[in-house]
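K.L.:
Quick one: the structure is below, questions incoming.
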Amino acid sequence: MPGPEPDLPAGADLHRALLDELRFPLAWGTAPERDFAAWRRTARRTVEDHLLVDDQRGVPYEPEFTDGPGGDGYRRQTVVLSLTRHTRVRGSLLTPHGTGPFPAVLLLHDHGGRFDIGREKCVRPWDGGPARLASAKEWARRHFSGRFPGDELARRGYAVLCLDALGWGDRGPVGYERQQALAAHLYHLGSSLAGLMAREDVRAAGFLAGLDRVDARRVAALGFSLGGYRAWQTAALTDEVAAAVCVAWTTGLKEMLAPGGNALRGQSAYYTLHPGLSRYLDLPDVAGIAAPRPMYFLTGARDPLFTPEGVSVAYAKLRAVWESCGAGDRLRTELRPDTAHEFTAPVQEDVFAWLDAVL
């Protein structure tokens, strides 16, 4: 008799049964609601109901700004602000020289199993000492062709905000093995690690859009890996994001949960786990709440974390949503044959050109 499937030592039959039962009945095109605007409201409310973290939009930001050394054509500032009534968060804010208001990018950092740096993965650090700078440079070499995407965007005329998520940088380091403990504590306290991240990202988008230096009509969310997931999730949950770019985090849920899949390894999945939501919506169904706004999903065909099959399922669902809104030209989906799990300089150039065109 064959042994149990990998990663499913005693529950393979249960796993398959539960997987087969997933029908995503609230997905656009499946749900009984045929008016898209009404569906969006229902779907967004369903997601918010599963965050397990209250809406925090009434909490004052109370920002504190500290100037850093000048950048190459842009101003550097450290900002500290309240994203929830319990969390005060540090971030990097870059503003181009010149007369605003400027288009802006909420830059959302990745996971990567690396917790000593958070915002510094995307924006070159100017404080924290040589060890932090060395760590950030090494990360940039590994994933971004040696660049810091936030600085590149600021040089191109975008205001950029990047904040530490819970567990990284100044809000950590939580460490890989302690992620489960952090998530378990929050669940026991009636909260959620993934839900908190979602609420904080929405609040960050609102803060950026509300700055005098920013054109509130031209704010995008952009991220790589976990940051890409955060980007489309933020666009789904707030209309203050006018466009979004997801690099290297797109898949269907069933395909992601296949034995041996990345979501079944380690403890990192708690940052994307909204308990019970899959009874209603698939991952691309949630992203579809952002339609018909411009969105760019880009995945490498050589990415070991997301299978081409899972990516294709997600892209097909996304395409159906945007085309049903008569906005197929506002959705760009790409499976890049020469790219792995990375945000290389050529990919960055394509993304930046796309942002220039849609914002």
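Going by the structure tokens order, chains are called A, B, ..., each with residues numbered from 1, while ligands are numbered from 1 in the order shown.
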DSSP on the backbone: what in region 21-253 of chain A comes out alpha helix (DSSP H), as a PyMOL selection string?

P.N.:
chain A and resi 21+36-49+129-143+149-155+179-188+193-210+226-237+253

K.L.:
So that I can check the surroundings of region 184-200 of chain A, please list as a PyMOL selection string every protein, DNA and RNA residue that reaches within 8 Å of it, counting only C-alpha atoms and ignoring chain neighbours fewer than 3 positions away.

P.N.:
chain A and resi 50-53+55-56+83-84+165-166+180-181+203-204+230+233-234+270-274

K.L.:
Residues of the last selection are to be written out with C-alpha atoms, as an mmCIF file, in the first residue's frame.

P.N.:
```cif
data_model
loop_
_atom_site.group_PDB
_atom_site.id
_atom_site.type_symbol
_atom_site.label_atom_id
_atom_site.label_comp_id
_atom_site.auth_asym_id
_atom_site.auth_seq_id
_atom_site.Cartn_x
_atom_site.Cartn_y
_atom_site.Cartn_z
ATOM 1 C CA HIS A 50 -12.427 37.463 8.286
ATOM 2 C CA LEU A 51 -9.548 39.759 9.215
ATOM 3 C CA LEU A 52 -10.409 39.458 12.943
ATOM 4 C CA VAL A 53 -9.042 42.985 13.412
ATOM 5 C CA ASP A 55 -11.418 48.753 11.161
ATOM 6 C CA GLN A 56 -8.839 51.291 12.352
ATOM 7 C CA LEU A 83 -1.524 52.562 12.062
ATOM 8 C CA THR A 84 -3.838 51.096 14.700
ATOM 9 C CA ALA A 165 5.526 45.103 9.041
ATOM 10 C CA LEU A 166 5.156 43.365 12.402
ATOM 11 C CA GLN A 180 3.920 30.518 14.834
ATOM 12 C CA ALA A 181 4.165 31.714 18.428
ATOM 13 C CA ARG A 203 -4.019 52.540 6.830
ATOM 14 C CA ALA A 204 -0.590 53.161 5.304
ATOM 15 C CA ARG A 230 0.117 42.745 0.233
ATOM 16 C CA GLN A 233 -4.773 42.759 -1.006
ATOM 17 C CA THR A 234 -4.478 46.479 -0.217
ATOM 18 C CA TYR A 270 0.410 32.845 9.004
ATOM 19 C CA TYR A 271 1.020 36.244 7.393
ATOM 20 C CA THR A 272 -1.494 35.349 4.648
ATOM 21 C CA LEU A 273 -3.914 33.143 6.581
ATOM 22 C CA HIS A 274 -7.434 34.541 7.060
#
```

K.L.:
Quick one, how far is CA of Thr42 (chain A) from CA of Val241 (chain A)?

P.N.:
18.9 Å

K.L.:
What does the distance between CA of Arg279 (chain A) and CA of Phe24 (chain A) come to in Å, to one decimal place?

P.N.:
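The value is 5.9 Å.
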
K.L.:
When distances are computed from only C-alpha atoms, which of A:Ala242, A:Ala43, A:Ala345, A:Cys325 shows the smallest separation from Phe148 (chain A)?

P.N.:
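Comparing A:Ala242, A:Ala43, A:Ala345, A:Cys325 against Phe148 (chain A), the winner is A:Ala345.
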
K.L.:
Select from region 85-193 of chain A everything DSSP, run on the backbone, classes as strand (DSSP E or B), then give the selection as a PDB file with C-alpha atoms, in the first residue's frame.

P.N.:
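Listed below is the output, out_26.pdb:
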```pdb
ATOM      1  CA  ARG A  88       3.067  52.860  16.266  1.00  0.00           C
ATOM      2  CA  VAL A  89       5.232  52.116  13.258  1.00  0.00           C
ATOM      3  CA  ARG A  90       8.482  53.472  11.805  1.00  0.00           C
ATOM      4  CA  GLY A  91       8.947  53.947   8.079  1.00  0.00           C
ATOM      5  CA  SER A  92      10.999  55.538   5.320  1.00  0.00           C
ATOM      6  CA  LEU A  93       9.465  58.388   3.328  1.00  0.00           C
ATOM      7  CA  LEU A  94      11.110  59.665   0.148  1.00  0.00           C
ATOM      8  CA  THR A  95       9.946  62.828  -1.619  1.00  0.00           C
ATOM      9  CA  PRO A  96      11.292  64.047  -4.984  1.00  0.00           C
ATOM     10  CA  PHE A 102       3.631  63.925  -6.766  1.00  0.00           C
ATOM     11  CA  PRO A 103       2.386  60.502  -7.765  1.00  0.00           C
ATOM     12  CA  ALA A 104       3.170  58.081  -4.972  1.00  0.00           C
ATOM     13  CA  VAL A 105       3.958  54.439  -4.312  1.00  0.00           C
ATOM     14  CA  LEU A 106       3.218  52.494  -1.158  1.00  0.00           C
ATOM     15  CA  LEU A 107       6.131  50.056  -1.273  1.00  0.00           C
ATOM     16  CA  LEU A 108       5.464  46.831   0.615  1.00  0.00           C
ATOM     17  CA  ALA A 159       6.913  59.925  -3.409  1.00  0.00           C
ATOM     18  CA  VAL A 160       7.596  56.593  -1.692  1.00  0.00           C
ATOM     19  CA  LEU A 161       6.495  55.218   1.670  1.00  0.00           C
ATOM     20  CA  CYS A 162       7.786  51.936   3.074  1.00  0.00           C
ATOM     21  CA  LEU A 163       6.994  50.767   6.618  1.00  0.00           C
TER      22      LEU A 163
END
```

K.L.:
What are the closest atom pairs, with distances in Å to one decimal, for all residues of region 276-332 of chain A lying within 10 Å of region 207-225 of chain A? Consider only C-alpha atoms, order rows by chain and residue number, and present the result as a tab-separated table.

P.N.:
```
residue	atom	partner	partner_atom	distance
A:Pro294	CA	A:Ala220	CA	9.5
A:Met295	CA	A:Ala220	CA	9.4
A:Tyr296	CA	A:Leu222	CA	9.4
A:Leu298	CA	A:Phe224	CA	9.5
A:Thr299	CA	A:Ser225	CA	9.5
A:Leu305	CA	A:Ser225	CA	9.5
```

K.L.:
For the residues selected in the previous step, produce a file with N, CA and C atoms as a tab-separated table (two decimals), in the first residue's frame.

P.N.:
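So the final result, stored in out_27.tsv, reads:
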```tsv
chain	number	residue	atom	x	y	z
A	294	PRO	N	-6.30	49.75	-12.72
A	294	PRO	CA	-5.14	49.12	-13.37
A	294	PRO	C	-4.36	48.24	-12.39
A	295	MET	N	-4.03	47.02	-12.85
A	295	MET	CA	-3.27	46.08	-12.04
A	295	MET	C	-2.27	45.35	-12.94
A	296	TYR	N	-1.11	45.08	-12.39
A	296	TYR	CA	-0.05	44.38	-13.11
A	296	TYR	C	0.42	43.22	-12.24
A	298	LEU	N	2.94	39.97	-12.24
A	298	LEU	CA	4.10	39.45	-12.95
A	298	LEU	C	4.74	38.33	-12.14
A	299	THR	N	4.91	37.18	-12.76
A	299	THR	CA	5.49	36.01	-12.10
A	299	THR	C	6.54	35.41	-13.01
A	305	LEU	N	8.45	28.90	-6.05
A	305	LEU	CA	7.43	29.02	-5.01
A	305	LEU	C	6.01	28.96	-5.56
```

K.L.:
Quick one: pull the distance between CA of Arg41 (chain A) and CA of Ile289 (chain A), Å, one decimal.

P.N.:
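Result for CA of Arg41 (chain A) versus CA of Ile289 (chain A): 8.5 Å, one decimal.
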
K.L.:
Which is closer to Gly100 (chain A) than all the others in A:Ala291, A:Gly157, A:Gly228, A:Gly71, using only C-alpha atoms?

P.N.:
A:Gly157

K.L.:
A:Asp201, A:Glu138, A:Glu334, A:Glu64: which is nearest Gly300 (chain A), counting only C-alpha atoms?

P.N.:
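Once distances to Gly300 (chain A) are computed over only C-alpha atoms, the minimum belongs to A:Glu334.
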
K.L.:
Considering only C-alpha atoms, return as a PyMOL selection string whatever protein or nucleic-acid residues lie within 7 Å of region 251-253 of chain A, sequence-local ones (same chain, fewer than 6 positions apart) excluded.

P.N.:
chain A and resi 282-284+306+310-311+313-314

K.L.:
Taking C-alpha atoms for each residue, export the selection above as an mmCIF file, in the first residue's frame.

P.N.:
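Everything below was put into again-v4.cif:
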```cif
data_model
loop_
_atom_site.group_PDB
_atom_site.id
_atom_site.type_symbol
_atom_site.label_atom_id
_atom_site.label_comp_id
_atom_site.auth_asym_id
_atom_site.auth_seq_id
_atom_site.Cartn_x
_atom_site.Cartn_y
_atom_site.Cartn_z
ATOM 1 C CA ASP A 282 -10.280 32.131 -3.835
ATOM 2 C CA LEU A 283 -7.106 34.245 -3.678
ATOM 3 C CA PRO A 284 -7.600 35.766 -7.162
ATOM 4 C CA PHE A 306 4.490 29.324 -7.415
ATOM 5 C CA GLY A 310 -1.350 27.900 -10.088
ATOM 6 C CA VAL A 311 -0.360 31.149 -11.761
ATOM 7 C CA VAL A 313 -5.480 29.526 -12.820
ATOM 8 C CA ALA A 314 -5.160 32.870 -11.048
#
```

K.L.:
Would you please work out which residue, of A:Asp67, A:Val79, A:Asp338, A:Val47, is nearest to Gly276 (chain A) when using only C-alpha atoms?

P.N.:
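Ranking A:Asp67, A:Val79, A:Asp338, A:Val47 by distance to Gly276 (chain A), first place goes to A:Val47.
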
K.L.:
Identify which of the residues A:Leu226, A:Leu153, A:Ala12, A:Cys122 lies closest to Ala140 (chain A), counting only C-alpha atoms when measuring atom-to-atom distances.

P.N.:
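Ranking A:Leu226, A:Leu153, A:Ala12, A:Cys122 by distance to Ala140 (chain A), first place goes to A:Cys122.
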
K.L.:
So, with only C-alpha atoms as the atoms that count, which of A:Arg124, A:His111, A:Arg171, A:Arg330 lies closest to Ala290 (chain A)?

P.N.:
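When distances to Ala290 (chain A) are compared using only C-alpha atoms, the smallest one comes from A:Arg330.
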